[in-house]
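entry_4.cif (mmCIF, C-alpha atoms and all ligand atoms) appears below.
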```cif
data_protein
loop_
_atom_site.label_atom_id
_atom_site.label_comp_id
_atom_site.auth_asym_id
_atom_site.auth_seq_id
_atom_site.Cartn_x
_atom_site.Cartn_y
_atom_site.Cartn_z
CA MET A 252 11.63 -24.17 -6.14
CA SER A 253 10.50 -23.85 -9.69
CA TRP A 254 8.65 -20.76 -10.85
CA ALA A 255 7.56 -22.60 -14.02
CA LEU A 256 3.86 -22.01 -13.33
CA ILE A 257 4.37 -18.27 -13.18
CA PRO A 258 6.37 -17.11 -16.18
CA LEU A 259 8.38 -14.07 -15.12
CA THR A 260 9.22 -11.20 -17.44
CA GLU A 261 12.84 -10.22 -18.07
CA GLU A 262 12.39 -7.28 -15.70
CA GLN A 263 10.94 -9.52 -12.99
CA ARG A 264 13.82 -11.95 -13.36
CA ALA A 265 16.30 -9.08 -12.97
CA ILE A 266 14.53 -7.81 -9.82
CA GLN A 267 14.41 -11.38 -8.47
CA ARG A 268 18.15 -11.80 -9.02
CA ALA A 269 18.89 -8.43 -7.39
CA ALA A 270 16.75 -9.32 -4.37
CA ARG A 271 18.24 -12.82 -4.08
CA ASP A 272 21.83 -11.56 -4.32
CA PHE A 273 21.15 -8.83 -1.81
CA ALA A 274 19.51 -11.28 0.61
CA ARG A 275 22.38 -13.74 0.39
CA GLU A 276 25.17 -11.18 0.60
CA GLU A 277 23.76 -8.62 3.00
CA LEU A 278 21.06 -10.30 5.07
CA GLU A 279 22.09 -13.93 5.50
CA PRO A 280 25.44 -13.42 7.28
CA GLY A 281 23.95 -11.90 10.45
CA VAL A 282 20.38 -13.14 10.35
CA ALA A 283 20.68 -15.80 13.09
CA ASP A 284 22.52 -13.42 15.44
CA ARG A 285 20.00 -10.64 14.93
CA ASP A 286 17.19 -13.10 15.64
CA ARG A 287 18.85 -14.40 18.79
CA ASP A 288 19.56 -10.89 20.10
CA GLY A 289 16.28 -9.34 18.94
CA ARG A 290 18.36 -6.67 17.24
CA PHE A 291 17.31 -4.45 14.36
CA ASP A 292 20.04 -3.73 11.82
CA ASP A 293 20.27 0.05 11.34
CA SER A 294 21.86 -0.36 7.92
CA LEU A 295 18.82 -2.22 6.56
CA VAL A 296 16.76 0.84 5.55
CA PRO A 297 19.52 2.61 3.57
CA LYS A 298 20.48 -0.69 1.90
CA LEU A 299 16.90 -1.46 0.84
CA ALA A 300 16.50 2.14 -0.31
CA ALA A 301 19.65 1.93 -2.44
CA LEU A 302 18.03 -0.94 -4.35
CA GLY A 303 14.81 1.06 -4.75
CA PHE A 304 13.00 -1.49 -2.58
CA LEU A 305 11.33 1.15 -0.40
CA GLY A 306 9.48 2.75 -3.29
CA MET A 307 8.81 -0.25 -5.45
CA MET A 308 5.27 0.69 -6.50
CA LEU A 309 5.60 4.46 -6.25
CA PRO A 310 5.64 6.34 -9.54
CA GLU A 311 9.02 7.53 -10.79
CA ARG A 312 8.00 11.16 -10.24
CA TYR A 313 8.08 10.37 -6.50
CA ASP A 314 11.48 8.65 -6.86
CA GLY A 315 9.88 5.20 -6.91
CA LEU A 316 10.57 2.31 -9.28
CA GLY A 317 7.03 2.40 -10.70
CA LEU A 318 6.69 -1.39 -10.63
CA ASP A 319 3.49 -3.42 -10.50
CA THR A 320 2.30 -5.55 -7.59
CA CYS A 321 3.52 -8.86 -9.08
CA THR A 322 7.08 -7.61 -9.49
CA TYR A 323 7.12 -6.21 -5.97
CA LEU A 324 5.99 -9.57 -4.57
CA VAL A 325 8.71 -11.44 -6.47
CA ALA A 326 11.32 -9.31 -4.67
CA LEU A 327 9.56 -9.62 -1.33
CA GLU A 328 9.57 -13.43 -1.44
CA GLU A 329 13.33 -13.44 -2.01
CA ILE A 330 13.93 -11.21 0.99
CA ALA A 331 11.54 -13.26 3.16
CA ALA A 332 13.24 -16.52 2.20
CA VAL A 333 16.37 -15.28 3.97
CA ASP A 334 15.20 -12.76 6.56
CA ALA A 335 11.47 -12.58 7.33
CA SER A 336 12.06 -9.63 9.68
CA ALA A 337 13.52 -7.56 6.85
CA ALA A 338 10.61 -8.67 4.66
CA VAL A 339 7.96 -7.33 7.02
CA LEU A 340 9.64 -3.92 7.07
CA MET A 341 9.56 -3.92 3.29
CA SER A 342 5.98 -5.21 3.13
CA VAL A 343 4.46 -2.75 5.59
CA HIS A 344 6.30 0.25 4.12
CA ASN A 345 5.49 -0.58 0.49
CA SER A 346 1.94 -1.89 0.94
CA LEU A 347 0.41 0.33 3.58
CA PRO A 348 1.72 3.85 4.37
CA THR A 349 3.16 4.64 0.94
CA GLN A 350 0.15 3.23 -0.91
CA MET A 351 -2.28 5.01 1.42
CA ILE A 352 -0.64 8.40 0.85
CA LEU A 353 -0.44 7.71 -2.89
CA ARG A 354 -4.10 6.68 -3.18
CA TYR A 355 -5.83 8.92 -0.68
CA GLY A 356 -3.40 11.73 0.11
CA SER A 357 -3.47 15.30 -1.22
CA ASP A 358 -0.89 16.48 -3.77
CA ALA A 359 0.85 18.36 -0.97
CA GLN A 360 1.01 15.21 1.21
CA ARG A 361 2.34 13.14 -1.69
CA GLU A 362 5.05 15.71 -2.45
CA ARG A 363 5.94 16.05 1.21
CA PHE A 364 6.24 12.36 2.08
CA LEU A 365 6.51 10.03 -0.90
CA PRO A 366 9.92 10.97 -2.38
CA ARG A 367 11.52 10.82 1.07
CA MET A 368 9.78 7.50 1.75
CA ALA A 369 10.99 6.05 -1.56
CA ARG A 370 14.55 7.18 -0.75
CA GLY A 371 14.38 5.60 2.70
CA GLU A 372 14.76 8.95 4.51
CA VAL A 373 11.33 8.46 6.05
CA LEU A 374 10.16 4.99 7.01
CA GLY A 375 6.43 4.32 7.09
CA ALA A 376 4.31 2.53 9.70
CA PHE A 377 0.64 1.67 10.10
CA ALA A 378 -1.15 2.05 13.42
CA LEU A 379 -4.65 0.57 13.43
CA SER A 380 -4.75 -1.98 16.28
CA GLU A 381 -5.08 -1.06 19.93
CA PRO A 382 -4.73 -3.09 23.13
CA GLU A 383 -8.54 -3.58 23.17
CA ALA A 384 -9.23 -3.47 19.41
CA GLY A 385 -7.48 -6.11 17.28
CA SER A 386 -9.73 -8.19 15.00
CA ASP A 387 -12.60 -5.82 15.81
CA ALA A 388 -10.66 -2.95 14.35
CA ALA A 389 -13.65 -0.60 13.97
CA ALA A 390 -14.02 -0.63 17.78
CA LEU A 391 -10.81 1.38 18.18
CA SER A 392 -10.98 4.07 20.83
CA THR A 393 -8.13 6.48 20.12
CA ARG A 394 -9.92 9.79 19.87
CA ALA A 395 -9.34 12.74 17.57
CA VAL A 396 -10.96 16.05 18.50
CA ARG A 397 -10.87 19.04 16.17
CA ASP A 398 -9.30 22.17 17.68
CA GLY A 399 -8.99 25.07 15.22
CA ASN A 400 -6.47 24.08 12.56
CA ASP A 401 -5.37 21.01 14.48
CA TRP A 402 -6.71 17.70 15.74
CA ILE A 403 -5.89 16.52 19.25
CA LEU A 404 -5.26 12.75 19.36
CA SER A 405 -5.38 10.71 22.57
CA GLY A 406 -4.97 6.96 22.87
CA THR A 407 -2.63 3.99 22.56
CA LYS A 408 -1.77 2.02 19.43
CA ALA A 409 -0.52 -1.57 19.66
CA TRP A 410 1.58 -3.97 17.57
CA VAL A 411 3.04 -1.24 15.39
CA THR A 412 5.76 -2.65 13.14
CA ASN A 413 8.61 -0.11 12.92
CA GLY A 414 6.67 2.35 15.10
CA ASN A 415 9.90 3.39 16.85
CA LEU A 416 11.74 3.94 13.57
CA ALA A 417 9.05 5.51 11.44
CA GLY A 418 8.90 9.10 10.28
CA ALA A 419 5.34 8.76 8.93
CA ILE A 420 2.82 6.68 10.83
CA LEU A 421 -0.62 6.26 9.29
CA ALA A 422 -2.69 6.17 12.47
CA LEU A 423 -6.43 5.68 12.83
CA ALA A 424 -8.51 7.56 15.39
CA ARG A 425 -12.19 8.21 16.07
CA THR A 426 -13.40 11.50 14.67
CA ASP A 427 -17.03 10.94 15.71
CA THR A 428 -18.17 11.88 19.21
CA PRO A 429 -19.28 9.61 22.06
CA GLY A 430 -22.80 11.00 21.71
CA ASP A 431 -22.84 10.43 17.94
CA TYR A 432 -20.98 7.13 17.52
CA LYS A 433 -20.68 6.21 13.84
CA GLY A 434 -18.72 2.94 14.10
CA ALA A 435 -16.57 2.25 11.05
CA ARG A 436 -17.81 5.50 9.47
CA GLY A 437 -16.52 7.67 12.30
CA ILE A 438 -12.78 7.07 11.95
CA GLY A 439 -10.07 9.17 10.33
CA THR A 440 -6.53 8.38 9.20
CA PHE A 441 -3.81 10.80 10.30
CA ILE A 442 -0.22 11.08 9.12
CA VAL A 443 1.61 11.18 12.45
CA THR A 444 5.23 12.27 12.61
CA PRO A 445 7.33 11.57 15.71
CA ASP A 446 8.17 15.26 16.26
CA LEU A 447 4.54 16.06 17.15
CA PRO A 448 4.10 17.17 20.77
CA GLY A 449 2.46 14.33 22.73
CA PHE A 450 3.92 11.51 20.61
CA ARG A 451 5.64 8.82 22.66
CA VAL A 452 7.01 5.38 21.82
CA GLY A 453 5.91 2.83 24.41
CA ARG A 454 7.06 -0.68 25.17
CA LYS A 455 8.87 -2.81 22.63
CA GLU A 456 7.45 -6.32 22.38
CA ASP A 457 9.58 -9.42 23.09
CA LYS A 458 8.38 -11.80 20.39
CA LEU A 459 8.44 -15.48 19.45
CA GLY A 460 9.51 -14.72 15.88
CA LEU A 461 10.41 -11.82 13.61
CA ARG A 462 12.71 -10.90 16.43
CA SER A 463 14.79 -8.38 14.53
CA SER A 464 11.73 -6.45 13.39
CA PRO A 465 10.73 -3.97 16.10
CA THR A 466 7.10 -3.99 17.23
CA VAL A 467 6.07 -1.26 19.65
CA GLN A 468 3.19 0.47 21.32
CA LEU A 469 2.66 4.14 20.54
CA HIS A 470 1.09 6.61 22.94
CA PHE A 471 -0.62 9.76 21.79
CA ASP A 472 -0.89 12.04 24.82
CA GLU A 473 -3.13 14.89 23.63
CA MET A 474 -0.94 14.94 20.56
CA ARG A 475 -1.54 17.97 18.34
CA VAL A 476 -1.75 17.01 14.66
CA PRO A 477 -2.12 19.72 12.00
CA ALA A 478 -5.29 19.36 9.87
CA SER A 479 -2.97 19.22 6.85
CA ASN A 480 -1.94 15.75 8.09
CA VAL A 481 -5.44 14.28 7.78
CA LEU A 482 -5.64 11.74 4.97
CA GLY A 483 -8.60 12.43 2.70
CA ASP A 484 -12.03 12.51 4.35
CA PRO A 485 -11.72 12.36 8.18
CA SER A 486 -14.68 9.96 8.41
CA HIS A 487 -13.39 7.50 5.78
CA GLY A 488 -10.17 6.40 7.47
CA PHE A 489 -11.42 2.89 8.22
CA ILE A 490 -12.41 2.33 4.59
CA TYR A 491 -8.96 3.50 3.46
CA ALA A 492 -7.38 1.08 5.94
CA MET A 493 -9.51 -1.88 4.80
CA GLN A 494 -8.81 -1.20 1.14
CA SER A 495 -5.10 -0.84 1.83
CA LEU A 496 -4.99 -4.01 3.92
CA GLU A 497 -6.02 -5.95 0.82
CA HIS A 498 -2.71 -4.95 -0.66
CA GLY A 499 -0.94 -5.52 2.63
CA ARG A 500 -2.29 -9.07 2.79
CA LEU A 501 -0.70 -9.89 -0.56
CA GLY A 502 2.62 -8.78 0.89
CA ILE A 503 2.19 -11.00 3.95
CA ALA A 504 1.28 -13.90 1.65
CA ALA A 505 4.55 -13.38 -0.26
CA GLN A 506 6.43 -13.24 3.03
CA ALA A 507 4.79 -16.50 4.16
CA ILE A 508 5.64 -18.19 0.85
CA GLY A 509 9.25 -17.04 1.17
CA ILE A 510 9.50 -18.56 4.64
CA ALA A 511 7.86 -21.82 3.51
CA ARG A 512 10.05 -22.09 0.44
CA ALA A 513 13.19 -21.61 2.51
CA ALA A 514 12.11 -24.36 4.91
CA LEU A 515 11.32 -26.71 2.03
CA GLU A 516 14.72 -26.09 0.44
CA VAL A 517 16.53 -26.94 3.67
CA ALA A 518 14.42 -30.09 4.10
CA VAL A 519 15.07 -31.24 0.52
CA ARG A 520 18.83 -30.80 0.89
CA TYR A 521 18.91 -32.42 4.31
CA ALA A 522 16.90 -35.45 3.18
CA ALA A 523 19.40 -36.06 0.38
CA GLU A 524 22.39 -35.93 2.74
CA ARG A 525 21.10 -37.52 5.91
CA ARG A 526 21.55 -41.30 5.98
CA GLN A 527 19.64 -43.64 8.25
CA PHE A 528 19.11 -47.40 7.95
CA GLY A 529 21.84 -47.47 5.30
CA LYS A 530 20.47 -44.93 2.80
CA PRO A 531 19.60 -41.24 2.41
CA ILE A 532 16.28 -40.54 4.11
CA LYS A 533 14.89 -39.07 0.86
CA GLU A 534 14.56 -42.67 -0.28
CA PHE A 535 11.96 -43.41 2.37
CA GLN A 536 8.40 -42.84 1.28
CA ALA A 537 7.56 -41.33 4.67
CA ILE A 538 9.94 -38.47 3.85
CA GLN A 539 9.04 -38.29 0.14
CA PHE A 540 5.36 -37.81 0.96
CA LYS A 541 6.17 -34.97 3.33
CA LEU A 542 8.37 -33.21 0.78
CA ALA A 543 5.74 -33.73 -1.94
CA ASP A 544 3.00 -32.20 0.21
CA MET A 545 5.25 -29.29 1.19
CA ALA A 546 6.17 -28.52 -2.43
CA THR A 547 2.53 -28.76 -3.54
CA LYS A 548 1.42 -26.33 -0.84
CA VAL A 549 4.12 -23.79 -1.70
CA THR A 550 3.37 -23.99 -5.43
CA ALA A 551 -0.40 -23.72 -4.95
CA SER A 552 -0.05 -20.78 -2.55
CA ARG A 553 2.20 -18.95 -4.97
CA ALA A 554 -0.13 -19.61 -7.91
CA LEU A 555 -3.08 -18.17 -5.97
CA LEU A 556 -1.04 -15.17 -4.85
CA TYR A 557 0.08 -14.26 -8.36
CA ALA A 558 -3.43 -14.71 -9.75
CA ALA A 559 -4.68 -12.28 -7.07
CA ALA A 560 -1.82 -9.83 -7.63
CA ALA A 561 -2.35 -9.89 -11.40
CA ALA A 562 -6.03 -9.10 -10.79
CA ARG A 563 -4.98 -6.12 -8.70
CA ASP A 564 -2.61 -4.96 -11.41
CA ARG A 565 -5.54 -5.11 -13.86
CA GLY A 566 -7.51 -2.89 -11.47
CA GLU A 567 -10.03 -5.58 -10.51
CA PRO A 568 -11.48 -6.01 -7.00
CA ILE A 569 -9.43 -8.41 -4.88
CA THR A 570 -11.05 -8.31 -1.43
CA GLN A 571 -11.78 -12.03 -1.44
CA PHE A 572 -8.67 -13.12 -3.34
CA ALA A 573 -6.36 -11.14 -1.06
CA SER A 574 -7.85 -12.87 1.98
CA MET A 575 -7.68 -16.28 0.28
CA SER A 576 -4.04 -15.68 -0.63
CA LYS A 577 -3.05 -14.68 2.86
CA LEU A 578 -5.04 -17.51 4.46
CA MET A 579 -3.56 -20.17 2.22
CA ALA A 580 0.01 -18.86 2.24
CA SER A 581 0.14 -18.43 6.00
CA ASP A 582 -1.29 -21.92 6.61
CA THR A 583 1.29 -23.21 4.14
CA ALA A 584 4.09 -21.45 6.00
CA MET A 585 3.01 -23.00 9.29
CA ALA A 586 2.48 -26.49 7.83
CA VAL A 587 5.69 -26.52 5.79
CA THR A 588 7.93 -25.20 8.56
CA THR A 589 6.41 -27.73 10.99
CA GLU A 590 7.09 -30.59 8.58
CA ALA A 591 10.58 -29.29 7.82
CA ILE A 592 11.41 -29.63 11.51
CA GLN A 593 10.04 -33.17 11.39
CA VAL A 594 12.22 -34.08 8.40
CA LEU A 595 15.28 -32.76 10.21
CA GLY A 596 14.26 -34.41 13.48
CA GLY A 597 16.38 -33.27 16.43
CA TYR A 598 18.49 -31.10 14.12
CA GLY A 599 15.37 -29.21 13.16
CA TYR A 600 14.66 -28.37 16.77
CA VAL A 601 17.97 -26.68 17.50
CA THR A 602 19.57 -23.55 16.15
CA ASP A 603 22.24 -25.38 14.08
CA TYR A 604 19.74 -25.24 11.19
CA PRO A 605 17.46 -22.29 10.42
CA VAL A 606 14.18 -24.22 10.29
CA GLU A 607 13.29 -23.55 13.93
CA ARG A 608 13.55 -19.81 13.12
CA TYR A 609 11.40 -20.24 10.02
CA PHE A 610 8.81 -22.02 12.18
CA ARG A 611 8.80 -19.19 14.72
CA ASP A 612 8.66 -16.55 11.98
CA ALA A 613 5.85 -18.35 10.14
CA LYS A 614 3.39 -18.17 13.03
CA ILE A 615 2.79 -14.44 12.89
CA THR A 616 1.65 -14.65 9.27
CA GLN A 617 -1.53 -16.34 10.55
CA ILE A 618 -2.09 -13.44 12.93
CA TYR A 619 -1.08 -10.01 11.67
CA GLU A 620 -2.83 -7.96 8.98
CA GLY A 621 -5.94 -9.94 9.91
CA THR A 622 -5.95 -13.37 11.56
CA SER A 623 -6.79 -16.50 9.56
CA GLU A 624 -10.20 -16.40 11.21
CA ILE A 625 -10.80 -12.84 9.97
CA GLN A 626 -9.68 -13.84 6.46
CA ARG A 627 -12.30 -16.61 6.51
CA ILE A 628 -14.94 -14.07 7.59
CA VAL A 629 -14.01 -11.80 4.68
CA ILE A 630 -14.03 -14.72 2.22
CA ALA A 631 -17.40 -16.01 3.44
CA ARG A 632 -19.00 -12.54 3.42
CA GLU A 633 -17.94 -12.06 -0.19
CA LEU A 634 -19.73 -15.30 -1.09
CA TYR A 635 -22.99 -13.62 -0.09
CA ALA A 636 -22.13 -10.13 -1.33
CA ARG A 637 -22.66 -11.10 -4.95
N1 LIG B 1 -12.76 -2.35 1.01
C1 LIG B 1 -13.60 -1.29 1.08
N2 LIG B 1 -14.45 -1.09 2.12
C2 LIG B 1 -14.48 -2.03 3.08
C3 LIG B 1 -13.65 -3.16 3.05
C4 LIG B 1 -12.77 -3.31 1.96
N3 LIG B 1 -11.94 -4.35 1.86
N4 LIG B 1 -13.89 -3.89 4.15
C5 LIG B 1 -14.84 -3.25 4.84
N5 LIG B 1 -15.19 -2.14 4.19
C6 LIG B 1 -16.23 -1.16 4.56
C7 LIG B 1 -17.59 -1.81 4.58
O1 LIG B 1 -18.17 -1.79 3.29
C8 LIG B 1 -18.32 -0.96 5.57
O2 LIG B 1 -18.75 0.22 4.92
P1 LIG B 1 -20.25 0.77 5.12
O3 LIG B 1 -20.23 1.43 6.46
O4 LIG B 1 -20.44 1.70 4.00
O5 LIG B 1 -21.16 -0.43 5.07
C9 LIG B 1 -17.24 -0.56 6.56
O6 LIG B 1 -15.99 -0.74 5.90
C10 LIG B 1 -17.25 -1.44 7.78
O7 LIG B 1 -17.06 -2.76 7.33
P2 LIG B 1 -17.69 -3.99 8.09
O8 LIG B 1 -19.11 -3.72 8.39
O9 LIG B 1 -17.34 -5.21 7.32
O10 LIG B 1 -16.85 -3.90 9.45
P3 LIG B 1 -16.69 -4.91 10.64
O11 LIG B 1 -16.55 -4.12 11.86
O12 LIG B 1 -17.73 -5.98 10.56
O13 LIG B 1 -15.22 -5.57 10.42
C11 LIG B 1 -13.43 -6.79 9.50
C12 LIG B 1 -14.69 -5.97 9.26
C13 LIG B 1 -13.19 -7.49 8.18
C14 LIG B 1 -13.60 -7.83 10.58
C15 LIG B 1 -12.27 -5.82 9.83
O14 LIG B 1 -12.46 -5.24 11.10
C16 LIG B 1 -10.92 -6.46 9.78
O15 LIG B 1 -10.36 -6.63 8.70
N6 LIG B 1 -10.34 -6.80 10.97
C17 LIG B 1 -8.96 -7.22 11.03
C18 LIG B 1 -8.10 -6.03 11.26
C19 LIG B 1 -6.71 -6.19 10.75
O16 LIG B 1 -6.47 -6.76 9.69
N7 LIG B 1 -5.77 -5.66 11.50
C20 LIG B 1 -4.39 -5.70 11.11
C21 LIG B 1 -3.68 -4.50 11.64
S1 LIG B 1 -2.19 -4.10 10.83
C22 LIG B 1 -1.01 -5.10 11.50
O17 LIG B 1 -1.19 -6.27 11.54
C23 LIG B 1 0.22 -4.51 12.08
C24 LIG B 1 1.41 -4.43 11.24
O18 LIG B 1 2.16 -3.46 11.36
C25 LIG B 1 1.77 -5.50 10.27
#
```
Encoding of this model in C-alpha cells:
Amino acid sequence: MSWALIPLTEEQRAIQRAARDFAREELEPGVADRDRDGRFDDSLVPKLAALGFLGMMLPERYDGLGLDTCTYLVALEEIAAVDASAAVLMSVHNSLPTQMILRYGSDAQRERFLPRMARGEVLGAFALSEPEAGSDAAALSTRAVRDGNDWILSGTKAWVTNGNLAGAILALARTDTPGDYKGARGIGTFIVTPDLPGFRVGRKEDKLGLRSSPTVQLHFDEMRVPASNVLGDPSHGFIYAMQSLEHGRLGIAAQAIGIARAALEVAVRYAAERRQFGKPIKEFQAIQFKLADMATKVTASRALLYAAAAARDRGEPITQFASMSKLMASDTAMAVTTEAIQVLGGYGYVTDYPVERYFRDAKITQIYEGTSEIQRIVIARELYAR
C-alpha cells in the first residue's frame, strides 16, 4: 500500500523499516499458533524494548526515543499488520500509562517509573472500565478512601489489557464520598503496582480476537496504595484519562489501519493468482470494485489519522479528530477484512489464510478505547462546543 499521500521523513522511513523487519522476522513465524492457543509470547516485551518501541514518545532523559506521535504510529501500523495482539500491547503502553505519568506525574513518579517502562522492565496498563461501567466510564464505582499517608482501594476493574503482566497500572477510583458524589470530578488516578497488599489478578478473558494479548479483571481488595502513587490532583483522574484516551485512540486507529492493510494485501495477491472461469479473478469487475473500495478506505483512514496526529504534534486540540480517526479506521478495518474474506471465498473462511484472523482482530477496534457509538457522541458534542 502506497504511503505517497503521507511523505515520510528519512527517520520515519528508518523506523518503518525496523518495525517491518522486526514484524516479519520475529512476530510472523508464530503468530497463527499464538492466536490459536491464546498464548502470550514472553519474549515480546524484551524484544520490543530492545528496539526502543516501549518508550517511543518518552524523552531521551527517561531512556525513551523522544519521537513524535506520527513516527510512533508509523511503527505501530507495521506491527499491527503482522500481529495485532503485539500492537495493542505497544499501543496501550506507549499511549496511556507512560504518557499519563509523563504529563501528569510528579518528578519523583517520572524518575521512578518512566526509565524502567522505556526499557521494558515495567510494563504499563490502564484500568478504567469496570463490569458495570464501560461506555459510562464516569459511573465507575471502585472506591478510594484516604487513610493517613495511604489510600485504600476497593473494587474490580475489567478488560485490562496486560493487567496480569503490568508493573504499573494506571487505575481510576472514586475519591468522592457517597454522600458527596461529584461524578466525573470525583475520581482519582492511582499508579498501582502488583506488589501492593490487596492486589489480585482475576479471570483472564477468552476472546474472539487479539487472542495472544491477555485481557484480565483486576481485584482491589482493600488495597493499600501510598499517597505518593496518586497521579496529580486526586479529583482530576477522569479528566487525565479522557485527555490520554485521545492519544490512545490514535494508536487504535493505527492498529486498525495495519489490520486492514494486511487484509487488503492478501486479497490483492490472491485475486491475481486465483483463476476462475478461465482467468485471474482480478479481471472481474466484481472483484476490482471490492479491491478499489478497500484501498480507498485504507488510504482515507490513514490520511485522516496522520492529519490528526500531526495536529497533536503541533500541540493543537484533537478531541474530535482523534474520535473521527478511530471511528473511521475501525470501520475500515471491519469492512476491509469482511470484504477480504469475500474475495478469498471459502479460503478466506478457514485458517489456511490469515484473513479470518484479521477479521476477528478487527472487531475489537470498534469497541475498546471507546466504542464507535461513543466516538460519534464525542464528535457530535464537539460540533456544538464551538
Ligand atoms: N479532554 C479533557 N476533558 C474532558 C474530555 C477530554 N477529551 N472529555 C471529557 N472531559 C471532561 C469534561 O469537560 C467534563 O469536565 P467538567 O466536569 O469540567 O465539565 C468531564 O470530563 C466529564 O465529561 P462529560 O460530561 O463529557 O462526561 P460523560 O460522563 O458525559 O462521558 C464520555 C463522556 C465521552 C462518554 C466518556 O465517558 C467516554 O469516553 N466513555 C468511553 C470510555 C472509554 O473510552 N473506555 C475505554 C477504556 S480503556 C480500554 O479500552 C481498555 C484497554 O486496555 C485498551
Expected answer as a short mmCIF file (atom, residue, chain, number, x, y, z; two decimals) with C-alpha atoms, in the coordinates of the input: residues within 7 Å of ligand LIG 1 (chain B), all atoms listed in the file:
```
data_model
loop_
_atom_site.label_atom_id
_atom_site.label_comp_id
_atom_site.auth_asym_id
_atom_site.auth_seq_id
_atom_site.Cartn_x
_atom_site.Cartn_y
_atom_site.Cartn_z
CA VAL A 343 4.46 -2.75 5.59
CA ALA A 376 4.31 2.53 9.70
CA PHE A 377 0.64 1.67 10.10
CA ALA A 378 -1.15 2.05 13.42
CA LEU A 379 -4.65 0.57 13.43
CA SER A 380 -4.75 -1.98 16.28
CA GLY A 385 -7.48 -6.11 17.28
CA SER A 386 -9.73 -8.19 15.00
CA ASP A 387 -12.60 -5.82 15.81
CA ALA A 388 -10.66 -2.95 14.35
CA ALA A 389 -13.65 -0.60 13.97
CA TRP A 410 1.58 -3.97 17.57
CA VAL A 411 3.04 -1.24 15.39
CA THR A 412 5.76 -2.65 13.14
CA ALA A 435 -16.57 2.25 11.05
CA ARG A 436 -17.81 5.50 9.47
CA PHE A 489 -11.42 2.89 8.22
CA ILE A 490 -12.41 2.33 4.59
CA MET A 493 -9.51 -1.88 4.80
CA GLN A 494 -8.81 -1.20 1.14
CA LEU A 496 -4.99 -4.01 3.92
CA GLU A 497 -6.02 -5.95 0.82
CA THR A 570 -11.05 -8.31 -1.43
CA TYR A 619 -1.08 -10.01 11.67
CA GLU A 620 -2.83 -7.96 8.98
CA GLY A 621 -5.94 -9.94 9.91
CA THR A 622 -5.95 -13.37 11.56
CA ILE A 625 -10.80 -12.84 9.97
CA ILE A 628 -14.94 -14.07 7.59
CA VAL A 629 -14.01 -11.80 4.68
#
```
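The list of residues with at least one atom within 9 Å of A:Leu459, based on all atoms listed in the file and without residues fewer than 4 positions apart in the same chain, reads Arg611, Asp612, Lys614 and Ile615 of chain A.
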Could those residues be written to a file, using C-alpha atoms, as a PDB file, in the frame of the given file?
```pdb
ATOM      1  CA  ARG A 611       8.800 -19.190  14.720  1.00  0.00           C
ATOM      2  CA  ASP A 612       8.660 -16.550  11.980  1.00  0.00           C
ATOM      3  CA  LYS A 614       3.390 -18.170  13.030  1.00  0.00           C
ATOM      4  CA  ILE A 615       2.790 -14.440  12.890  1.00  0.00           C
TER       5      ILE A 615
END
```
Counting all atoms listed in the file, which residues in stretch 252-371 of chain A sit no more than 12 Å from stretch 532-553 of chain A? For each one, give the nearest pair of atoms and the distance in Å, sorted by chain then residue number, as a tab-separated table.
```
residue	atom	partner	partner_atom	distance
A:Met252	CA	A:Ala546	CA	7.9
A:Ser253	CA	A:Thr550	CA	8.3
A:Trp254	CA	A:Thr550	CA	8.2
A:Ala255	CA	A:Thr550	CA	9.7
A:Leu256	CA	A:Thr550	CA	8.2
A:Ile257	CA	A:Arg553	CA	8.5
A:Cys321	CA	A:Arg553	CA	11.0
A:Leu324	CA	A:Arg553	CA	10.1
A:Val325	CA	A:Arg553	CA	10.1
A:Glu328	CA	A:Arg553	CA	9.9
```
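Computed from the coordinates, the atom CA of A:Asp286 to atom CA of A:Leu461 distance equals 7.2 Å.
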> Which of these, A:Gly356, A:Pro366, A:Pro258, A:Gly418, has the shortest distance to A:Gly315 once you count all atoms listed in the file?
Replying inline: A:Pro366
> Which residue out of A:Arg475, A:Glu311, A:Lys458, A:Ala369 has the minimum interatomic distance to A:Arg397 when all atoms listed in the file are used?
Replying inline: A:Arg475
Near A:Asp284, counting only C-alpha atoms, which residues have an atom at most 12 Å away, once you skip same-chain residues fewer than 3 positions from it, shown as a short mmCIF file (atom, residue, chain, number, x, y, z; two decimals) with C-alpha atoms, keeping the file's coordinate frame?
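Output saved as selection31.cif:
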```cif
data_model
loop_
_atom_site.label_atom_id
_atom_site.label_comp_id
_atom_site.auth_asym_id
_atom_site.auth_seq_id
_atom_site.Cartn_x
_atom_site.Cartn_y
_atom_site.Cartn_z
CA LEU A 278 21.06 -10.30 5.07
CA GLU A 279 22.09 -13.93 5.50
CA PRO A 280 25.44 -13.42 7.28
CA GLY A 281 23.95 -11.90 10.45
CA ARG A 287 18.85 -14.40 18.79
CA ASP A 288 19.56 -10.89 20.10
CA GLY A 289 16.28 -9.34 18.94
CA ARG A 290 18.36 -6.67 17.24
CA PHE A 291 17.31 -4.45 14.36
CA ASP A 292 20.04 -3.73 11.82
CA ASP A 334 15.20 -12.76 6.56
CA ARG A 462 12.71 -10.90 16.43
CA SER A 463 14.79 -8.38 14.53
CA THR A 602 19.57 -23.55 16.15
CA PRO A 605 17.46 -22.29 10.42
CA ARG A 608 13.55 -19.81 13.12
#
```
> Do you have the atom CA of A:Met585-atom CA of A:Arg500 distance handy?
Replying inline: 16.3 Å
>> When you look at A:Phe572 with a cut-off of 8 Å (counting all atoms listed in the file), what residues show up, excluding the ones that are within fewer than 2 positions of it in the same chain? I need them as a ChimeraX atom specification.
In response: /A:555,559,569-570,574-576,630
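Residue nearest A:Tyr604, chosen from A:Ile618, A:Ala359, A:Ile403, A:Val517 and counting only C-alpha atoms: A:Val517.
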> Given the choices A:Ala409, A:Val333, A:Ala301, A:Leu309, which gets closest to A:Glu276 if the distance is worked out from all atoms listed in the file?
Replying inline: A:Val333
>> Here is a test: counting only C-alpha atoms, which residue of A:Ser479, A:Gln593, A:Gln506, A:Asn345 is nearest to A:Leu556?
In response: A:Gln506
